[in-house]
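Undergrad: Can you read through this structure? Questions will come right after.
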Amino acid sequence: MRAVVQKSFGGPEVLEVVETEKPELLSGEVLVRVKASAVNPVDVAVRSGAFPLLGQPPFGVGWDISGVVEAAGPGARYEVGEEVYGMPFFPRAATGYAEYVATPSRQVARKPKSLSHVEAAALPLAALTAWQGLVDKAGVKAGDRVLIHRAAGGVGHLAVQIAKARGAYVIALASEGKHDYVKGLGADEVIDYRTTDFTEDVKDVDIVFDSVADGVRSLSVLKPGGVLVTILEHPSGELEQTVKEAGRRFAGVSVEPDYWALEQIAELVDAGKIRPTIAETLPLEDAGKAHEIVASGQTVGKVVLTVE
């Protein structure tokens with residue numbers, strides 16, 4: 001099979017397509033014939049060495065996949081031919097940019113019926129990050145006021161939709177040029193963070209979803225007992241202590257595979273309440289270019305590799 005690997009840390013040019021053996025199945029695993037694999041900012045950070053999550057190369061990056069079960073080991077949850085999507089093994093290596101991925105069957109779920117494989121591949125890591133923060137950690141519910149940073153980003157645009165699907169009132173932070181897009185996702189208010197100090201305009205929110213490491217300032221807009229959800233500052237014991245001393249709740253998110261949450265997300269997708277935005281699709285051979293696009297930070301939505 002073809003797979004994208006890197007033999008050293010560096011720029012996008014270190015990603016290369018190689019021929020390698022298909023992974024062998026263990027009990028409870030499925031072999032997925034990958035149709036599409038999304039590229040996330042964490043992929044870029046791991047490749048460059050800025051976030052040495054996988055230790056020293058060689059290794060393959062990529063986690064988000066959507067595809068078809070080609071083989072199933074004893075006790076696996078799925079049968080050959082079923083369409084599945086997921087984020088296998090994170091934070092360990094999955095080598096998701098590949099023609100085949102072997103994964104524990106409980107780390108993937110049935111693909112939303114209303115989505116293509118490209119669209120489905122765009123969901124797992126970003127949607128699970130939003131879900132595990134807003135639903136599992138913060139318990140978002142109808143009537144909650146939720147502030148979402150970087151609302152047009154890969155995680156943010158899904159966080160807006162998940163919060164709205166749960167009945168929350170969403171206040172979104174995004175640059176002016178993305179306001180119409182974010183309103184189209186369902187946001188009730190959109191604030192230009194570049195020209196407006198949100199701490200002066202926003203008060204008494206129940207949940208802040210912080211994906212930009214702005215926890216200290218975000219704390220000021222939370223009502224007593226409110227929840228600060230952070231996906232970047234969770235190793236910070238100092239921030240957690242500050243939040244607790246202020247009478248608020250701290251919730252750090254380290255995303256992990258979760259087939260049950262993926263099933264809930266798929267139901268919302270098929271009900272028309274969540275839709276991923278695809279910024280660009282590229283073939284597997286252009287993984288390096290995909291990393292360049294993601295690293296620019298200018299995309300709206302997700303960049304996805306097609307695997308044919």
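Residues are referred to by chain and number: the chain letter is A, B, ... according to the order shown in the structure tokens, the number counts from 1 in that chain, and ligands are numbered separately from 1 in the order shown.
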Considering only C-alpha atoms, return as a list in words whatever protein or nucleic-acid residues lie within 6 Å of stretch 38-52 of chain A, sequence-local ones (same chain, fewer than 5 positions apart) excluded.

TA: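 My list of contacting residues is Phe9, Gly10, Gly11, Gly62, Asp64, Ala121, Ala122, Val303, Val304 and Leu305 of chain A.
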
Undergrad: Write a file of the selected residues as a PDB file, in the first residue's frame, keeping N, CA, C and O atoms.

TA:
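See result28.pdb below for the written result:
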```pdb
ATOM      1  N   PHE A   9      12.365  15.403  11.180  1.00  0.00           N
ATOM      2  CA  PHE A   9      11.564  16.607  11.386  1.00  0.00           C
ATOM      3  C   PHE A   9      11.944  17.636  10.327  1.00  0.00           C
ATOM      4  O   PHE A   9      13.062  17.629   9.805  1.00  0.00           O
ATOM      5  N   GLY A  10      11.007  18.540  10.023  1.00  0.00           N
ATOM      6  CA  GLY A  10      11.322  19.579   9.054  1.00  0.00           C
ATOM      7  C   GLY A  10      10.085  20.163   8.428  1.00  0.00           C
ATOM      8  O   GLY A  10       8.972  20.047   8.959  1.00  0.00           O
ATOM      9  N   GLY A  11      10.269  20.790   7.273  1.00  0.00           N
ATOM     10  CA  GLY A  11       9.180  21.409   6.558  1.00  0.00           C
ATOM     11  C   GLY A  11       8.329  20.380   5.839  1.00  0.00           C
ATOM     12  O   GLY A  11       8.577  19.168   5.923  1.00  0.00           O
ATOM     13  N   GLY A  62      -1.027  11.955  10.701  1.00  0.00           N
ATOM     14  CA  GLY A  62      -2.415  11.878  10.265  1.00  0.00           C
ATOM     15  C   GLY A  62      -3.243  10.943  11.123  1.00  0.00           C
ATOM     16  O   GLY A  62      -2.792   9.843  11.472  1.00  0.00           O
ATOM     17  N   ASP A  64      -7.292  11.599  11.204  1.00  0.00           N
ATOM     18  CA  ASP A  64      -8.682  11.619  10.720  1.00  0.00           C
ATOM     19  C   ASP A  64      -8.835  10.785   9.454  1.00  0.00           C
ATOM     20  O   ASP A  64      -8.177  11.065   8.440  1.00  0.00           O
ATOM     21  N   ALA A 121     -14.274  12.663   6.744  1.00  0.00           N
ATOM     22  CA  ALA A 121     -12.896  12.682   7.235  1.00  0.00           C
ATOM     23  C   ALA A 121     -12.560  13.998   7.923  1.00  0.00           C
ATOM     24  O   ALA A 121     -11.663  14.049   8.775  1.00  0.00           O
ATOM     25  N   ALA A 122     -13.269  15.054   7.578  1.00  0.00           N
ATOM     26  CA  ALA A 122     -13.008  16.366   8.168  1.00  0.00           C
ATOM     27  C   ALA A 122     -13.503  16.482   9.606  1.00  0.00           C
ATOM     28  O   ALA A 122     -13.165  17.435  10.304  1.00  0.00           O
ATOM     29  N   VAL A 303      -8.845  21.012   5.439  1.00  0.00           N
ATOM     30  CA  VAL A 303      -8.125  20.564   4.255  1.00  0.00           C
ATOM     31  C   VAL A 303      -8.089  19.030   4.319  1.00  0.00           C
ATOM     32  O   VAL A 303      -7.735  18.461   5.355  1.00  0.00           O
ATOM     33  N   VAL A 304      -8.457  18.384   3.217  1.00  0.00           N
ATOM     34  CA  VAL A 304      -8.609  16.927   3.215  1.00  0.00           C
ATOM     35  C   VAL A 304      -7.823  16.314   2.054  1.00  0.00           C
ATOM     36  O   VAL A 304      -7.853  16.813   0.934  1.00  0.00           O
ATOM     37  N   LEU A 305      -7.149  15.201   2.351  1.00  0.00           N
ATOM     38  CA  LEU A 305      -6.456  14.421   1.325  1.00  0.00           C
ATOM     39  C   LEU A 305      -7.371  13.314   0.827  1.00  0.00           C
ATOM     40  O   LEU A 305      -8.005  12.614   1.624  1.00  0.00           O
TER      41      LEU A 305
END
```

Undergrad: DSSP on the backbone: which residues in stretch 164-265 of chain A end up as strand (DSSP E or B)? Give the answer as a count of residues only.

TA: 27

Undergrad: Looking only at alpha helix (DSSP H) from DSSP on the backbone, list the matching residues of stretch 71-300 of chain A as an MDAnalysis selection string.

TA: chainID A and resid 117:121 124:131 156:165 179:185 198:201 215:219 237:245 259:270 287:296

Undergrad: In Å to one decimal, how far is atom CA of A:Ala126 from atom CA of A:Glu24?

TA: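 Between atom CA of A:Glu24 and atom CA of A:Ala126 the gap works out to 28.0 Å.
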
Undergrad: Considering only C-alpha atoms, return as a PyMOL selection string whatever protein or nucleic-acid residues lie within 9 Å of A:Trp260, sequence-local ones (same chain, fewer than 4 positions apart) excluded.

TA: chain A and resi 106-109+264-265

Undergrad: Go through A:Leu282, A:Leu158, A:Val243, A:Ala266 one by one, measure the shortest atom-to-atom distance of each to A:Pro224 using only C-alpha atoms, and give the residue with the smallest value.

TA: A:Val243

Undergrad: Contacts of A:Gly153 at 12 Å or less, counting only C-alpha atoms, minus same-chain residues fewer than 3 places along, as an MDAnalysis selection string?

TA: chainID A and resid 40:41 126:127 130 148:150 156:160 172:175 178 181:182 185 210:212 276:279 294 297:303

Undergrad: Select, from A:Lys164, A:Val32, A:Ile274, A:Ser37, the residue with the minimum atom-to-atom distance to A:Leu134, counting only C-alpha atoms.

TA: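 Of all the options, A:Lys164 lies closest to A:Leu134.
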